[in-house]
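Student: Quick one: the structure is below, questions incoming.
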Amino acid sequence: LRQAKMNPNLKDKYVDRIHDLDYVFSASEEQKDEIVKVYGIDKTKIIAVGGGFNQNIFYPPKEKEYADKVRLVFCAKIDPSKGIYELIEVYKSLEMDDVTLDIIGIPNEENKKKIEEYIKDDSSIRLYNVEDQVALGEELRKKDIYLMPSYYEGLGLMAIESLASGLYVVTTEIPALMTLLGEEIKESGIIKYVPLPRIYDVDKPVKEDLPEFKENLKKAILIQIKKIREKKEFPKEMEDKIRSFSWEGLVDNMNNIINSM
């Protein structure tokens, strides 16, 4: 959907038979209106099913191991649309000796120069990549808090994969993600949502809104850091709920829908 909005000429050229489909699965209820607007599909053809993660890769550790430091992690495209630079600014403003930030991903040349400038000589921030999804799952299980300050996400599956790996999460208010996870998971505190700044051109924040956004992001991160310092156990009942969003759970749901048609 994001690519269709940003490249309408490609959408018109290559996605011209979507109306021939019997039904369309969407990641959320909110996404239905977006699909109707972008592709002109009859809304009655769209069924919201959510997203899914690979339960064989993203799962909690048998026993949570705490380190001397609280380990924050960001894993996404290294790009301004993901809020990475605001995140680094917020992290540095924490000024805490017992907290580290790992950034997993490969920036392009432009973003590599920029992110190196932001990190400078801060040895508590590491930028590196992992070989594949299996390695990513193993890496996540060594962390404490996953951060996703993104300005645009279709679903925000990485937040769900991180929850499934036993991490606390801080993310922006992504409608599809909030709807999928529901109120019970939100109220449990394993995930903290940060209000988005005003957005233009799909994924660009209004600069005037950034100071408040960064302050809210900082507050949410501090709340989750406190839980790790207190070694607050990830609720077992929430583990079970998160597991229902796995590929296994998603396919079961889609099969039930198809079989009922």
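Every chain in the structure tokens has a letter given in the order shown (A, B, ...), and although residue numbers restart at 1 in each chain, ligands are simply numbered from 1 in the order shown.
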Go through stretch 28-84 of chain A and collect every residue that DSSP, computed from the backbone, puts in strand (DSSP E); the answer should be as JSON, numbers by chain.

Tutor: {"A": [46, 47, 48, 70, 71, 72, 73, 74, 75]}

Student: DSSP on the backbone: which residues in stretch 110-194 of chain A end up as helix (DSSP H, G or I)? Give the answer as an MDAnalysis selection string.

Tutor: chainID A and resid 110:119 133:140 157:164 175:188

Student: Could you turn the residues from that selection into a file that holds N, CA and C atoms, as a tab-separated table (two decimals), in the first residue's frame?

Tutor:
chain	number	residue	atom	x	y	z
A	110	GLU	N	24.18	6.90	2.12
A	110	GLU	CA	23.74	8.18	2.69
A	110	GLU	C	23.41	8.03	4.18
A	111	ASN	N	22.63	7.00	4.51
A	111	ASN	CA	22.24	6.81	5.91
A	111	ASN	C	23.40	6.30	6.76
A	112	LYS	N	24.35	5.60	6.14
A	112	LYS	CA	25.51	5.12	6.89
A	112	LYS	C	26.33	6.30	7.42
A	113	LYS	N	26.55	7.29	6.56
A	113	LYS	CA	27.29	8.48	6.98
A	113	LYS	C	26.54	9.22	8.08
A	114	LYS	N	25.23	9.33	7.88
A	114	LYS	CA	24.42	10.09	8.84
A	114	LYS	C	24.37	9.41	10.20
A	115	ILE	N	24.17	8.08	10.19
A	115	ILE	CA	24.05	7.38	11.46
A	115	ILE	C	25.39	7.33	12.19
A	116	GLU	N	26.48	7.26	11.44
A	116	GLU	CA	27.80	7.30	12.06
A	116	GLU	C	28.04	8.65	12.74
A	117	GLU	N	27.52	9.71	12.13
A	117	GLU	CA	27.62	11.04	12.74
A	117	GLU	C	26.82	11.11	14.03
A	118	TYR	N	25.65	10.49	14.02
A	118	TYR	CA	24.80	10.49	15.21
A	118	TYR	C	25.43	9.67	16.35
A	119	ILE	N	26.00	8.52	15.99
A	119	ILE	CA	26.59	7.65	17.01
A	119	ILE	C	27.90	8.24	17.52
A	133	GLN	N	17.01	-14.65	9.44
A	133	GLN	CA	15.95	-14.57	10.44
A	133	GLN	C	16.23	-15.44	11.67
A	134	VAL	N	16.82	-16.60	11.46
A	134	VAL	CA	17.15	-17.48	12.59
A	134	VAL	C	18.13	-16.78	13.52
A	135	ALA	N	19.15	-16.16	12.94
A	135	ALA	CA	20.13	-15.42	13.73
A	135	ALA	C	19.48	-14.23	14.43
A	136	LEU	N	18.50	-13.62	13.76
A	136	LEU	CA	17.78	-12.49	14.37
A	136	LEU	C	17.01	-12.94	15.60
A	137	GLY	N	16.33	-14.09	15.49
A	137	GLY	CA	15.60	-14.62	16.64
A	137	GLY	C	16.52	-14.87	17.81
A	138	GLU	N	17.69	-15.46	17.53
A	138	GLU	CA	18.67	-15.73	18.59
A	138	GLU	C	19.17	-14.43	19.21
A	139	GLU	N	19.36	-13.42	18.37
A	139	GLU	CA	19.84	-12.13	18.85
A	139	GLU	C	18.80	-11.44	19.73
A	140	LEU	N	17.54	-11.50	19.31
A	140	LEU	CA	16.48	-10.86	20.08
A	140	LEU	C	16.36	-11.44	21.49
A	157	LEU	N	5.00	-5.96	12.17
A	157	LEU	CA	5.20	-7.36	12.56
A	157	LEU	C	6.41	-7.55	13.45
A	158	MET	N	7.45	-6.73	13.25
A	158	MET	CA	8.66	-6.87	14.05
A	158	MET	C	8.37	-6.67	15.54
A	159	ALA	N	7.41	-5.85	15.86
A	159	ALA	CA	7.03	-5.67	17.27
A	159	ALA	C	6.42	-6.95	17.83
A	160	ILE	N	5.63	-7.64	17.02
A	160	ILE	CA	5.02	-8.90	17.46
A	160	ILE	C	6.08	-9.99	17.60
A	161	GLU	N	7.02	-10.04	16.65
A	161	GLU	CA	8.11	-11.02	16.71
A	161	GLU	C	8.96	-10.79	17.97
A	162	SER	N	9.14	-9.53	18.34
A	162	SER	CA	9.92	-9.21	19.54
A	162	SER	C	9.17	-9.61	20.80
A	163	LEU	N	7.87	-9.34	20.84
A	163	LEU	CA	7.06	-9.78	21.97
A	163	LEU	C	7.11	-11.31	22.10
A	164	ALA	N	7.04	-11.98	20.94
A	164	ALA	CA	7.09	-13.45	20.93
A	164	ALA	C	8.43	-13.96	21.44
A	175	PRO	N	-2.06	1.84	13.97
A	175	PRO	CA	-3.45	1.38	14.13
A	175	PRO	C	-3.63	-0.12	13.93
A	176	ALA	N	-3.03	-0.68	12.87
A	176	ALA	CA	-3.20	-2.11	12.60
A	176	ALA	C	-2.64	-2.96	13.72
A	177	LEU	N	-1.49	-2.57	14.26
A	177	LEU	CA	-0.86	-3.31	15.35
A	177	LEU	C	-1.69	-3.23	16.62
A	178	MET	N	-2.18	-2.04	16.94
A	178	MET	CA	-2.97	-1.85	18.15
A	178	MET	C	-4.27	-2.64	18.10
A	179	THR	N	-4.90	-2.66	16.92
A	179	THR	CA	-6.15	-3.42	16.76
A	179	THR	C	-5.89	-4.92	16.88
A	180	LEU	N	-4.84	-5.39	16.23
A	180	LEU	CA	-4.54	-6.82	16.24
A	180	LEU	C	-4.21	-7.31	17.64
A	181	LEU	N	-3.36	-6.59	18.36
A	181	LEU	CA	-2.96	-7.03	19.70
A	181	LEU	C	-4.06	-6.85	20.73
A	182	GLY	N	-4.86	-5.80	20.57
A	182	GLY	CA	-6.01	-5.61	21.46
A	182	GLY	C	-5.68	-4.95	22.79
A	183	GLU	N	-6.74	-4.68	23.54
A	183	GLU	CA	-6.63	-3.93	24.80
A	183	GLU	C	-5.93	-4.71	25.90
A	184	GLU	N	-6.18	-6.02	25.98
A	184	GLU	CA	-5.61	-6.80	27.09
A	184	GLU	C	-4.08	-6.78	27.05
A	185	ILE	N	-3.52	-6.95	25.87
A	185	ILE	CA	-2.06	-6.91	25.73
A	185	ILE	C	-1.55	-5.50	26.02
A	186	LYS	N	-2.27	-4.50	25.53
A	186	LYS	CA	-1.88	-3.11	25.81
A	186	LYS	C	-1.89	-2.83	27.31
A	187	GLU	N	-2.94	-3.23	27.99
A	187	GLU	CA	-3.07	-2.97	29.43
A	187	GLU	C	-2.06	-3.76	30.26
A	188	SER	N	-1.54	-4.85	29.71
A	188	SER	CA	-0.57	-5.66	30.46
A	188	SER	C	0.76	-4.92	30.65

Student: So, counting only C-alpha atoms, which residue among A:Gly40, A:Ile35, A:Ala4, A:Gly52 is closest to A:Gly249?

Tutor: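 Nearest candidate to A:Gly249 out of A:Gly40, A:Ile35, A:Ala4, A:Gly52: A:Gly52.
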
Student: Taking only C-alpha atoms into account, name the residue in A:Ile221, A:Leu155, A:Val36, A:Leu101 that is nearest to A:Val49.

Tutor: A:Leu155

Student: Using only C-alpha atoms, I'd like a table of the residues in stretch 160-251 of chain A that come within 8 Å of stretch 83-100 of chain A; for each, show the closest atom pair and its distance in Å rounded to one decimal, ordered by chain and ascending number, as a tab-separated table.

Tutor:
residue	atom	partner	partner_atom	distance
A:Lys214	CA	A:Val90	CA	6.2
A:Glu215	CA	A:Val90	CA	7.8
A:Leu217	CA	A:Val90	CA	7.4
A:Lys218	CA	A:Val90	CA	6.0

Student: For N, CA and C atoms, I'd like the residues from the last selection saved as a PDB file, in the first residue's frame.

Tutor:
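The file below, selection16.pdb, is the result:
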ATOM      1  N   LYS A 214       9.598  13.109  20.862  1.00  0.00           N
ATOM      2  CA  LYS A 214      10.801  12.561  21.508  1.00  0.00           C
ATOM      3  C   LYS A 214      10.633  12.490  23.024  1.00  0.00           C
ATOM      4  N   GLU A 215       9.949  13.445  23.587  1.00  0.00           N
ATOM      5  CA  GLU A 215       9.710  13.420  25.032  1.00  0.00           C
ATOM      6  C   GLU A 215       8.804  12.242  25.408  1.00  0.00           C
ATOM      7  N   LEU A 217       8.469   9.484  23.655  1.00  0.00           N
ATOM      8  CA  LEU A 217       9.255   8.278  23.399  1.00  0.00           C
ATOM      9  C   LEU A 217      10.170   7.998  24.581  1.00  0.00           C
ATOM     10  N   LYS A 218      10.784   9.015  25.099  1.00  0.00           N
ATOM     11  CA  LYS A 218      11.688   8.881  26.247  1.00  0.00           C
ATOM     12  C   LYS A 218      10.941   8.350  27.470  1.00  0.00           C
TER      13      LYS A 218
END
